[in-house]
>>> print(open('structure22.cif').read())   # mmCIF, C-alpha atoms
data_my_file
#
loop_
_atom_site.label_atom_id
_atom_site.label_comp_id
_atom_site.auth_asym_id
_atom_site.auth_seq_id
_atom_site.Cartn_x
_atom_site.Cartn_y
_atom_site.Cartn_z
CA ILE A 1 45.37 -1.26 105.60
CA ARG A 2 45.80 -3.34 108.71
CA PRO A 3 47.98 -1.85 111.43
CA VAL A 4 51.47 -3.30 111.28
CA ALA A 5 53.87 -3.35 114.21
CA PRO A 6 57.29 -1.75 113.74
CA THR A 7 60.25 -4.02 113.18
CA TRP A 8 61.69 -3.58 116.67
CA PRO A 9 60.40 -6.26 119.09
CA PRO A 10 58.61 -5.22 122.29
CA ALA A 11 60.68 -5.43 125.45
CA GLU A 12 59.34 -6.99 128.59
CA PRO A 13 58.29 -4.44 131.26
CA ARG A 14 60.87 -3.93 133.95
CA SER A 15 61.58 -1.49 136.73
CA ALA A 16 64.90 0.29 137.01
CA ALA A 17 66.85 1.47 139.99
CA PRO A 18 68.81 4.68 139.50
CA GLY A 19 71.77 4.02 137.25
CA PRO A 20 75.05 5.84 137.83
CA ALA A 21 76.04 8.41 135.24
CA ARG A 22 79.23 7.60 133.34
CA LYS A 23 81.97 10.09 134.27
CA ASN A 24 79.34 12.54 135.42
CA ASP A 25 77.61 12.47 132.00
CA THR A 26 74.26 13.33 133.55
CA SER A 27 75.66 16.48 135.13
CA THR A 28 77.17 17.48 131.79
CA VAL A 29 73.88 16.96 129.98
CA VAL A 30 72.00 18.99 132.60
CA ASP A 31 74.48 21.85 132.34
CA THR A 32 74.58 21.80 128.54
CA ALA A 33 70.79 21.87 128.28
CA ALA A 34 70.64 24.79 130.73
CA LEU A 35 73.30 26.63 128.74
CA ALA A 36 71.43 26.06 125.45
CA SER A 37 68.29 27.47 127.07
CA ARG A 38 70.18 30.58 128.22
CA VAL A 39 71.63 31.13 124.75
CA ARG A 40 68.15 30.80 123.22
CA SER A 41 66.78 33.37 125.68
CA LYS A 42 69.73 35.70 125.04
CA LEU A 43 69.14 35.52 121.29
CA THR A 44 65.51 36.55 121.82
CA SER A 45 66.43 39.46 124.12
CA LEU A 46 69.14 40.69 121.72
CA LEU A 47 66.65 40.59 118.86
CA GLN A 48 64.11 42.57 120.86
CA GLU A 49 66.72 45.16 121.81
CA ALA A 50 67.79 45.51 118.18
CA HIS A 51 64.19 46.01 117.08
CA ALA A 52 63.64 48.60 119.77
CA ALA A 53 66.66 50.55 118.50
CA SER A 54 65.83 50.15 114.82
CA ALA A 55 63.83 52.90 113.16
CA ALA A 56 62.84 50.47 110.42
CA SER A 57 60.93 48.31 112.88
CA ALA A 58 59.76 50.96 115.35
CA ASN A 59 56.23 50.88 113.99
CA ALA A 60 55.99 47.14 113.41
CA GLY A 61 54.11 46.53 116.66
CA GLY A 62 54.17 43.45 118.87
CA VAL A 63 57.12 41.79 120.56
CA PRO A 64 59.57 40.37 117.99
CA ALA A 65 60.84 36.85 118.38
CA PRO A 66 63.15 34.67 116.28
CA PRO A 67 61.33 32.77 113.53
CA LEU A 68 60.08 29.31 114.35
CA LEU A 69 63.00 26.82 114.57
CA ALA A 70 65.62 29.56 114.02
CA PHE A 71 67.59 28.41 117.05
CA GLU A 72 67.31 24.75 116.03
CA ARG A 73 68.61 25.57 112.54
CA TRP A 74 71.54 27.37 114.16
CA GLN A 75 72.23 24.29 116.30
CA MET A 76 72.09 22.00 113.26
CA ALA A 77 74.47 24.23 111.29
CA ALA A 78 76.92 24.21 114.20
CA GLY A 79 76.49 20.50 114.84
CA CYS A 80 76.18 20.96 118.58
CA ALA A 81 73.67 21.93 121.27
CA VAL A 82 75.35 25.27 122.01
CA PRO A 83 76.46 27.00 118.78
CA LYS A 84 79.33 29.45 119.26
CA VAL A 85 79.79 30.90 115.76
CA ALA A 86 77.43 33.31 114.02
CA ASP A 87 75.88 31.53 111.05
CA VAL A 88 74.61 33.08 107.82
CA GLY A 89 71.42 31.05 108.18
CA LEU A 90 70.78 32.62 111.58
CA VAL A 91 71.41 36.06 110.12
CA MET A 92 68.85 35.45 107.38
CA ASP A 93 66.33 34.22 109.96
CA LEU A 94 66.80 37.46 111.91
CA VAL A 95 66.42 39.51 108.72
CA ARG A 96 63.04 37.83 108.25
CA THR A 97 61.87 39.56 111.45
CA GLY A 98 62.35 42.96 109.80
CA LEU A 99 65.87 43.80 110.95
CA PRO A 100 68.31 45.37 108.50
CA ARG A 101 71.09 42.98 107.48
CA ALA A 102 73.77 44.84 109.44
CA ARG A 103 71.75 44.73 112.67
CA ALA A 104 70.91 41.08 112.13
CA GLU A 105 74.62 40.29 111.77
CA ALA A 106 75.35 42.21 114.96
CA VAL A 107 72.68 40.26 116.87
CA ALA A 108 74.03 36.93 115.60
CA GLU A 109 77.59 37.89 116.55
CA ALA A 110 76.49 39.01 120.02
CA ALA A 111 74.56 35.77 120.59
CA ALA A 112 77.58 33.72 119.50
CA ALA A 113 79.87 35.76 121.78
CA PHE A 114 77.50 35.16 124.69
CA ALA A 115 77.50 31.42 123.98
CA CYS A 116 81.32 31.37 123.93
CA GLN A 117 81.56 33.32 127.16
CA GLU A 118 79.08 31.12 128.99
CA SER A 119 80.71 27.95 127.64
CA LYS A 120 84.09 29.07 129.00
CA LYS A 121 82.52 29.67 132.39
CA LEU A 122 81.06 26.18 132.31
CA LYS A 123 84.40 24.60 131.43
CA GLY A 124 86.12 26.69 134.08
CA LYS A 125 83.87 25.09 136.68
CA GLY A 126 84.80 21.58 135.65
CA GLY A 127 82.06 21.15 133.03
CA GLY A 128 79.31 21.75 135.55
CA GLY A 129 77.73 24.41 137.65
CA GLY A 130 77.07 26.96 134.93
CA GLY A 131 74.17 29.18 135.77
CA GLY A 132 73.44 27.62 139.14
CA SER A 133 73.45 23.99 138.11
CA SER A 134 73.41 21.50 140.92
CA SER A 135 76.60 19.80 139.72
CA ASN A 136 78.56 22.62 141.30
CA LYS A 137 77.24 21.56 144.70
CA HIS A 138 77.22 17.78 144.37
CA ASN A 139 79.87 15.33 143.26
CA GLN A 140 77.66 13.18 141.08
CA LEU A 141 74.20 12.87 139.61
CA ALA A 142 72.35 9.66 138.83
CA VAL A 143 69.15 9.03 136.89
CA ARG A 144 66.01 7.60 138.46
CA ILE A 145 63.39 5.94 136.24
CA THR A 146 59.95 5.62 137.84
CA GLU A 147 57.19 3.77 136.01
CA HIS A 148 53.62 4.85 136.73
CA ARG A 149 50.40 3.44 135.39
CA HIS A 150 50.17 5.68 132.33
CA SER A 151 53.62 7.25 131.98
CA VAL A 152 57.27 7.07 132.98
CA ASP A 153 59.20 9.70 134.97
CA VAL A 154 62.90 10.21 134.24
CA GLN A 155 64.67 12.44 136.75
CA ALA A 156 68.23 13.36 137.66
CA VAL A 157 68.90 12.94 141.37
CA THR A 158 71.83 13.73 143.62
CA VAL A 159 74.12 10.99 144.83
CA ALA A 160 75.64 11.46 148.28
CA GLY A 161 78.96 9.72 148.62
CA GLY A 162 78.32 7.44 145.66
CA GLY A 163 75.14 6.05 147.19
CA GLY A 164 72.05 4.65 145.56
CA GLY A 165 70.84 7.79 143.84
CA SER A 166 67.70 8.29 145.87
CA GLY A 167 68.53 11.86 146.83
CA ARG A 168 67.10 15.23 145.88
CA ALA A 169 65.68 15.69 142.39
CA VAL A 170 67.61 18.06 140.12
CA GLY A 171 66.34 20.01 137.15
CA ARG A 172 63.37 19.17 135.00
CA LEU A 173 61.18 16.12 135.37
CA LEU A 174 61.19 14.36 132.00
CA LYS A 175 58.45 11.99 130.91
CA CYS A 176 57.94 9.35 128.27
CA SER A 177 55.42 6.62 127.52
CA HIS A 178 55.76 2.98 128.46
CA ALA A 179 55.90 2.11 124.75
CA HIS A 180 58.80 4.49 124.17
CA LEU A 181 60.64 3.18 127.23
CA ALA A 182 60.33 -0.42 126.02
CA LYS A 183 61.40 0.55 122.51
CA LEU A 184 64.41 2.52 123.71
CA ARG A 185 65.50 -0.35 125.96
CA THR A 186 65.41 -2.67 122.97
CA LEU A 187 67.35 -0.30 120.70
CA HIS A 188 69.89 0.35 123.44
CA ARG A 189 70.40 -3.38 123.95
CA ARG A 190 70.82 -3.94 120.21
CA ALA A 191 73.46 -1.21 120.06
CA ALA A 192 75.28 -2.72 123.06
CA GLU A 193 75.28 -6.15 121.41
CA ALA A 194 76.60 -4.70 118.14
CA THR A 195 79.34 -2.84 120.04
CA ALA A 196 80.34 -6.02 121.87
CA ARG A 197 80.55 -7.99 118.62
CA ALA A 198 82.56 -5.23 116.94
CA ALA A 199 85.00 -5.35 119.86
CA GLY A 200 85.58 -9.04 119.22
CA THR A 201 83.61 -10.32 122.18
CA ALA A 202 82.90 -14.03 121.99
CA GLU A 203 79.32 -14.67 120.91
CA ALA A 204 78.56 -16.53 124.13
CA ALA A 205 79.48 -13.42 126.12
CA VAL A 206 77.70 -10.85 123.90
CA GLU A 207 74.43 -11.01 125.81
CA GLU A 208 76.16 -10.63 129.16
CA ALA A 209 78.13 -7.64 127.86
CA ALA A 210 74.93 -6.05 126.54
CA VAL A 211 73.15 -6.51 129.87
CA GLU A 212 76.11 -5.00 131.71
CA ALA A 213 76.21 -2.01 129.34
CA ALA A 214 72.47 -1.47 129.67
CA THR A 215 72.64 -1.56 133.46
CA ALA A 216 75.54 0.89 133.53
CA SER A 217 74.49 3.38 130.88
CA PHE A 218 70.85 3.10 129.84
CA PRO A 219 69.38 5.46 132.50
CA ALA A 220 71.93 8.18 131.69
CA ASP A 221 71.50 7.68 127.93
CA LEU A 222 67.71 7.85 128.25
CA PHE A 223 67.96 11.03 130.31
CA ALA A 224 70.32 12.61 127.76
CA LEU A 225 68.01 11.75 124.87
CA LEU A 226 64.87 13.15 126.49
CA LEU A 227 66.57 16.26 127.86
CA ARG A 228 68.19 17.15 124.55
CA TYR A 229 64.86 17.04 122.77
CA ARG A 230 63.32 19.04 125.61
CA ALA A 231 66.16 21.59 125.48
CA GLU A 232 65.74 22.08 121.75
CA ALA A 233 62.03 22.74 122.34
CA GLY A 234 61.33 22.75 118.63
CA HIS A 235 58.15 22.03 116.70
CA GLY A 236 57.26 19.15 114.42
CA PHE A 237 60.18 16.86 115.25
CA HIS A 238 58.00 13.77 114.99
CA ALA A 239 56.01 14.30 111.83
CA ALA A 240 56.26 10.83 110.29
CA LEU A 241 54.50 8.23 108.22
CA PRO A 242 52.28 5.81 110.17
CA SER A 243 53.55 2.26 110.66
CA PRO A 244 51.32 0.75 107.92
CA ALA A 245 52.88 3.12 105.34
CA PHE A 246 56.39 2.11 106.41
CA ALA A 247 55.37 -1.55 106.27
CA CYS A 248 54.08 -1.07 102.73
CA LEU A 249 57.37 0.55 101.66
CA ARG A 250 59.26 -2.33 103.25
CA ASP A 251 57.13 -5.15 101.82
CA GLN A 252 56.35 -3.75 98.38
CA PHE A 253 59.50 -1.76 97.56
CA GLY A 254 62.22 -3.32 99.69
CA VAL A 255 62.87 -0.17 101.73
CA SER A 256 65.02 -1.01 104.75
CA GLY A 257 66.02 2.36 106.21
CA GLU A 258 64.75 5.86 106.89
CA CYS A 259 66.12 9.38 107.17
CA PHE A 260 65.19 12.23 109.51
CA ALA A 261 64.17 9.79 112.24
CA SER A 262 64.98 9.59 115.92
CA PRO A 263 65.14 6.71 118.42
CA LEU A 264 61.68 7.78 119.54
CA ASN A 265 59.88 7.60 116.20
CA CYS A 266 61.99 5.33 113.96
CA PHE A 267 60.35 2.33 112.30
CA PHE A 268 63.50 0.54 111.11
CA GLY A 269 65.20 0.16 114.46
CA SER A 270 68.59 -0.89 113.05
CA SER A 271 68.80 1.42 110.04
CA TYR A 272 67.86 5.08 110.44
CA CYS A 273 69.51 8.44 110.69
#
>>> encode(input="structure22.cif", output="structure tokens")
Amino acid sequence: IRPVAPTWPPAEPRSAAPGPARKNDTSTVVDTAALASRVRSKLTSLLQEAHAASAASANAGGVPAPPLLAFERWQMAAGCAVPKVADVGLVMDLVRTGLPRARAEAVAEAAAAFACQESKKLKGKGGGGGGGSSSNKHNQLAVRITEHRHSVDVQAVTVAGGGGGSGRAVGRLLKCSHAHLAKLRTLHRRAAEATARAAGTAEAAVEEAAVEAATASFPADLFALLLRYRAEAGHGFHAALPSPAFACLRDQFGVSGECFASPLNCFFGSSYC
């Protein structure tokens, strides 16, 4: 089968100056990702403490850890990055490690209580600053996109007095490929155009509205996307059919959409979930 390009068109290469975060969205994303990481670590430590106190697992050996993707399943069940309610699925995952059901329920409840407590602290600090985040020390964060020869750096940076966003780097350095950057620009532009049309914008002004939206929000949206996947830190998110297989489904069977995709690996750029 000959390689077939996905249905989204390539975007022309372009450099990007730091784009301002919308209503401090970048700070919120940084803090939420940090909080999710703390809750994940707390779940692991609670599980280890429960195993250490459990006679049933005293001779199991090794250091217990939640089953693969247990935290991600908890996130999916809660529908948010930081789940705050103990879930029966999480309990069953903890039981799989050898804990008795009652201890597994206690661990899940303690993890949920920790998440609630830390979330309240975050909200009490204006949605930022939890756990030493930089947003407690700076008024605003912006996103800087730097294109190198083989990869792209995406980094949150401090903004002093609403300046150009060329300040101190904050948090993790995120990376993506040039191909992904071009694809995400295209998908973002398509979404902006669709939003403009849905809002009743005259067709002649749709392109201008899309360009304005991309300039204002694309850097922050890109940062949020990459950081959320990094914060989840799961395995196998991008197991997918190759492009020729998708092209065959499209051409031979009329398939026009796909499930379990992401903006990074979707083939049908306008119809996926």
>>> residues_around(input="structure22.cif", residues="Pro66 in chain A", least_positions_apart="6", cutoff="12 Å", atoms="all atoms listed in the file", output="compact mmCIF listing (two decimals) with C-alpha atoms, keeping the file's coordinate frame")
# COMPACT_ATOMS: atom_id res chain seq x y z
CA ARG A 40 68.15 30.80 123.22
CA SER A 41 66.78 33.37 125.68
CA LYS A 42 69.73 35.70 125.04
CA LEU A 43 69.14 35.52 121.29
CA THR A 44 65.51 36.55 121.82
CA SER A 45 66.43 39.46 124.12
CA LEU A 46 69.14 40.69 121.72
CA LEU A 47 66.65 40.59 118.86
CA GLN A 48 64.11 42.57 120.86
CA ALA A 50 67.79 45.51 118.18
CA HIS A 51 64.19 46.01 117.08
CA GLU A 72 67.31 24.75 116.03
CA ARG A 73 68.61 25.57 112.54
CA TRP A 74 71.54 27.37 114.16
CA LEU A 90 70.78 32.62 111.58
CA VAL A 91 71.41 36.06 110.12
CA MET A 92 68.85 35.45 107.38
CA ASP A 93 66.33 34.22 109.96
CA LEU A 94 66.80 37.46 111.91
CA VAL A 95 66.42 39.51 108.72
CA ARG A 96 63.04 37.83 108.25
CA THR A 97 61.87 39.56 111.45
CA GLY A 98 62.35 42.96 109.80
CA LEU A 99 65.87 43.80 110.95
CA ALA A 104 70.91 41.08 112.13
CA VAL A 107 72.68 40.26 116.87
CA ALA A 108 74.03 36.93 115.60
>>> closest_residue(input="structure22.cif", among="A:Thr28, A:Gln140, A:Gln155, A:Ser177", to="Ala81 in chain A", atoms="all atoms listed in the file")
A:Thr28
>>> atom_distance(input="structure22.cif", atom1="CA of Phe268 in chain A", atom2="CA of Phe246 in chain A")
8.7 Å
>>> residues_around(input="structure22.cif", residues="Ala192 in chain A", least_positions_apart="4", cutoff="8 Å", atoms="all atoms listed in the file", output="list in words")
His188, Ala196, Ala209, Ala210, Ala213 and Ala214 of chain A
>>> resolve_selection(input="structure22.cif", expression="the PyMOL selection byres ((chain A and resi 269) around 10)", output="PyMOL selection string")
chain A and resi 6-9+183-184+186-187+190+256-258+261-268+270-272
>>> write_last_selection(input="structure22.cif", atoms="C-alpha atoms", output="PDB file, in the coordinates of the input")
ATOM      1  CA  PRO A   6      57.290  -1.750 113.740  1.00  0.00           C
ATOM      2  CA  THR A   7      60.250  -4.020 113.180  1.00  0.00           C
ATOM      3  CA  TRP A   8      61.690  -3.580 116.670  1.00  0.00           C
ATOM      4  CA  PRO A   9      60.400  -6.260 119.090  1.00  0.00           C
ATOM      5  CA  LYS A 183      61.400   0.550 122.510  1.00  0.00           C
ATOM      6  CA  LEU A 184      64.410   2.520 123.710  1.00  0.00           C
ATOM      7  CA  THR A 186      65.410  -2.670 122.970  1.00  0.00           C
ATOM      8  CA  LEU A 187      67.350  -0.300 120.700  1.00  0.00           C
ATOM      9  CA  ARG A 190      70.820  -3.940 120.210  1.00  0.00           C
ATOM     10  CA  SER A 256      65.020  -1.010 104.750  1.00  0.00           C
ATOM     11  CA  GLY A 257      66.020   2.360 106.210  1.00  0.00           C
ATOM     12  CA  GLU A 258      64.750   5.860 106.890  1.00  0.00           C
ATOM     13  CA  ALA A 261      64.170   9.790 112.240  1.00  0.00           C
ATOM     14  CA  SER A 262      64.980   9.590 115.920  1.00  0.00           C
ATOM     15  CA  PRO A 263      65.140   6.710 118.420  1.00  0.00           C
ATOM     16  CA  LEU A 264      61.680   7.780 119.540  1.00  0.00           C
ATOM     17  CA  ASN A 265      59.880   7.600 116.200  1.00  0.00           C
ATOM     18  CA  CYS A 266      61.990   5.330 113.960  1.00  0.00           C
ATOM     19  CA  PHE A 267      60.350   2.330 112.300  1.00  0.00           C
ATOM     20  CA  PHE A 268      63.500   0.540 111.110  1.00  0.00           C
ATOM     21  CA  SER A 270      68.590  -0.890 113.050  1.00  0.00           C
ATOM     22  CA  SER A 271      68.800   1.420 110.040  1.00  0.00           C
ATOM     23  CA  TYR A 272      67.860   5.080 110.440  1.00  0.00           C
TER      24      TYR A 272
END
>>> resolve_selection(input="structure22.cif", expression="the PyMOL selection byres ((chain A and resi 37) around 12)", output="PyMOL selection string")
chain A and resi 30-36+38-44+71-72+75+81-83+115+118+130-131+227-234
>>> write_last_selection(input="structure22.cif", atoms="C-alpha atoms", output="PDB file, in the frame of the given file")
ATOM      1  CA  VAL A  30      72.000  18.990 132.600  1.00  0.00           C
ATOM      2  CA  ASP A  31      74.480  21.850 132.340  1.00  0.00           C
ATOM      3  CA  THR A  32      74.580  21.800 128.540  1.00  0.00           C
ATOM      4  CA  ALA A  33      70.790  21.870 128.280  1.00  0.00           C
ATOM      5  CA  ALA A  34      70.640  24.790 130.730  1.00  0.00           C
ATOM      6  CA  LEU A  35      73.300  26.630 128.740  1.00  0.00           C
ATOM      7  CA  ALA A  36      71.430  26.060 125.450  1.00  0.00           C
ATOM      8  CA  ARG A  38      70.180  30.580 128.220  1.00  0.00           C
ATOM      9  CA  VAL A  39      71.630  31.130 124.750  1.00  0.00           C
ATOM     10  CA  ARG A  40      68.150  30.800 123.220  1.00  0.00           C
ATOM     11  CA  SER A  41      66.780  33.370 125.680  1.00  0.00           C
ATOM     12  CA  LYS A  42      69.730  35.700 125.040  1.00  0.00           C
ATOM     13  CA  LEU A  43      69.140  35.520 121.290  1.00  0.00           C
ATOM     14  CA  THR A  44      65.510  36.550 121.820  1.00  0.00           C
ATOM     15  CA  PHE A  71      67.590  28.410 117.050  1.00  0.00           C
ATOM     16  CA  GLU A  72      67.310  24.750 116.030  1.00  0.00           C
ATOM     17  CA  GLN A  75      72.230  24.290 116.300  1.00  0.00           C
ATOM     18  CA  ALA A  81      73.670  21.930 121.270  1.00  0.00           C
ATOM     19  CA  VAL A  82      75.350  25.270 122.010  1.00  0.00           C
ATOM     20  CA  PRO A  83      76.460  27.000 118.780  1.00  0.00           C
ATOM     21  CA  ALA A 115      77.500  31.420 123.980  1.00  0.00           C
ATOM     22  CA  GLU A 118      79.080  31.120 128.990  1.00  0.00           C
ATOM     23  CA  GLY A 130      77.070  26.960 134.930  1.00  0.00           C
ATOM     24  CA  GLY A 131      74.170  29.180 135.770  1.00  0.00           C
ATOM     25  CA  LEU A 227      66.570  16.260 127.860  1.00  0.00           C
ATOM     26  CA  ARG A 228      68.190  17.150 124.550  1.00  0.00           C
ATOM     27  CA  TYR A 229      64.860  17.040 122.770  1.00  0.00           C
ATOM     28  CA  ARG A 230      63.320  19.040 125.610  1.00  0.00           C
ATOM     29  CA  ALA A 231      66.160  21.590 125.480  1.00  0.00           C
ATOM     30  CA  GLU A 232      65.740  22.080 121.750  1.00  0.00           C
ATOM     31  CA  ALA A 233      62.030  22.740 122.340  1.00  0.00           C
ATOM     32  CA  GLY A 234      61.330  22.750 118.630  1.00  0.00           C
TER      33      GLY A 234
END
>>> atom_distance(input="structure22.cif", atom1="CA of Ala169 in chain A", atom2="CA of Cys116 in chain A")
28.8 Å
>>> closest_residue(input="structure22.cif", among="A:Gly89, A:Pro242, A:Gly254, A:Gly124", to="Arg101 in chain A", atoms="only C-alpha atoms")
A:Gly89
>>> residues_near_point(input="structure22.cif", point="(66.3, 10.4, 133.5)", cutoff="9 Å", atoms="all atoms listed in the file", output="number ranges by chain")
A: 18, 26, 142-145, 153-157, 173-175, 219-227
>>> closest_residue(input="structure22.cif", among="A:Val170, A:Ala70, A:Ala198, A:Ala77", to="Ser27 in chain A", atoms="only C-alpha atoms")
A:Val170
>>> residues_near_point(input="structure22.cif", point="(55.7, 2.9, 124.4)", cutoff="10 Å", atoms="all atoms listed in the file", output="list in words")
Pro10, Ala11, Ser151, Val152, Cys176, Ser177, His178, Ala179, His180, Leu181, Ala182, Lys183, Leu184 and Leu264 of chain A
>>> write_last_selection(input="structure22.cif", atoms="C-alpha atoms", output="compact mmCIF listing (two decimals), in the frame of the given file")
# COMPACT_ATOMS: atom_id res chain seq x y z
CA PRO A 10 58.61 -5.22 122.29
CA ALA A 11 60.68 -5.43 125.45
CA SER A 151 53.62 7.25 131.98
CA VAL A 152 57.27 7.07 132.98
CA CYS A 176 57.94 9.35 128.27
CA SER A 177 55.42 6.62 127.52
CA HIS A 178 55.76 2.98 128.46
CA ALA A 179 55.90 2.11 124.75
CA HIS A 180 58.80 4.49 124.17
CA LEU A 181 60.64 3.18 127.23
CA ALA A 182 60.33 -0.42 126.02
CA LYS A 183 61.40 0.55 122.51
CA LEU A 184 64.41 2.52 123.71
CA LEU A 264 61.68 7.78 119.54
>>> decode(input="structure22.cif", residues="range 93-106 of chain A", atoms="N, CA and C atoms", output="PDB file, in the first residue's frame")
ATOM      1  N   ASP A  93      -8.571  -1.512  41.206  1.00  0.00           N
ATOM      2  CA  ASP A  93      -7.168  -1.486  40.790  1.00  0.00           C
ATOM      3  C   ASP A  93      -6.246  -1.701  41.984  1.00  0.00           C
ATOM      4  N   LEU A  94      -6.575  -1.101  43.121  1.00  0.00           N
ATOM      5  CA  LEU A  94      -5.745  -1.261  44.315  1.00  0.00           C
ATOM      6  C   LEU A  94      -5.849  -2.678  44.872  1.00  0.00           C
ATOM      7  N   VAL A  95      -7.020  -3.284  44.757  1.00  0.00           N
ATOM      8  CA  VAL A  95      -7.181  -4.677  45.192  1.00  0.00           C
ATOM      9  C   VAL A  95      -6.280  -5.593  44.370  1.00  0.00           C
ATOM     10  N   ARG A  96      -6.091  -5.249  43.107  1.00  0.00           N
ATOM     11  CA  ARG A  96      -5.228  -6.062  42.235  1.00  0.00           C
ATOM     12  C   ARG A  96      -3.787  -6.103  42.730  1.00  0.00           C
ATOM     13  N   THR A  97      -3.384  -5.127  43.547  1.00  0.00           N
ATOM     14  CA  THR A  97      -2.017  -5.132  44.081  1.00  0.00           C
ATOM     15  C   THR A  97      -1.863  -6.064  45.270  1.00  0.00           C
ATOM     16  N   GLY A  98      -2.960  -6.661  45.722  1.00  0.00           N
ATOM     17  CA  GLY A  98      -2.898  -7.579  46.858  1.00  0.00           C
ATOM     18  C   GLY A  98      -3.490  -7.042  48.139  1.00  0.00           C
ATOM     19  N   LEU A  99      -4.022  -5.822  48.098  1.00  0.00           N
ATOM     20  CA  LEU A  99      -4.644  -5.261  49.299  1.00  0.00           C
ATOM     21  C   LEU A  99      -6.024  -5.871  49.529  1.00  0.00           C
ATOM     22  N   PRO A 100      -6.406  -6.077  50.778  1.00  0.00           N
ATOM     23  CA  PRO A 100      -7.795  -6.434  51.063  1.00  0.00           C
ATOM     24  C   PRO A 100      -8.731  -5.308  50.634  1.00  0.00           C
ATOM     25  N   ARG A 101      -9.967  -5.635  50.337  1.00  0.00           N
ATOM     26  CA  ARG A 101     -10.920  -4.646  49.813  1.00  0.00           C
ATOM     27  C   ARG A 101     -11.065  -3.454  50.767  1.00  0.00           C
ATOM     28  N   ALA A 102     -11.157  -3.720  52.060  1.00  0.00           N
ATOM     29  CA  ALA A 102     -11.358  -2.631  53.015  1.00  0.00           C
ATOM     30  C   ALA A 102     -10.181  -1.662  53.008  1.00  0.00           C
ATOM     31  N   ARG A 103      -8.964  -2.194  52.944  1.00  0.00           N
ATOM     32  CA  ARG A 103      -7.784  -1.317  52.908  1.00  0.00           C
ATOM     33  C   ARG A 103      -7.706  -0.554  51.584  1.00  0.00           C
ATOM     34  N   ALA A 104      -8.091  -1.202  50.514  1.00  0.00           N
ATOM     35  CA  ALA A 104      -8.093  -0.531  49.217  1.00  0.00           C
ATOM     36  C   ALA A 104      -9.073   0.637  49.220  1.00  0.00           C
ATOM     37  N   GLU A 105     -10.246   0.440  49.830  1.00  0.00           N
ATOM     38  CA  GLU A 105     -11.218   1.522  49.919  1.00  0.00           C
ATOM     39  C   GLU A 105     -10.674   2.665  50.760  1.00  0.00           C
ATOM     40  N   ALA A 106      -9.972   2.330  51.843  1.00  0.00           N
ATOM     41  CA  ALA A 106      -9.402   3.361  52.698  1.00  0.00           C
ATOM     42  C   ALA A 106      -8.334   4.167  51.953  1.00  0.00           C
TER      43      ALA A 106
END
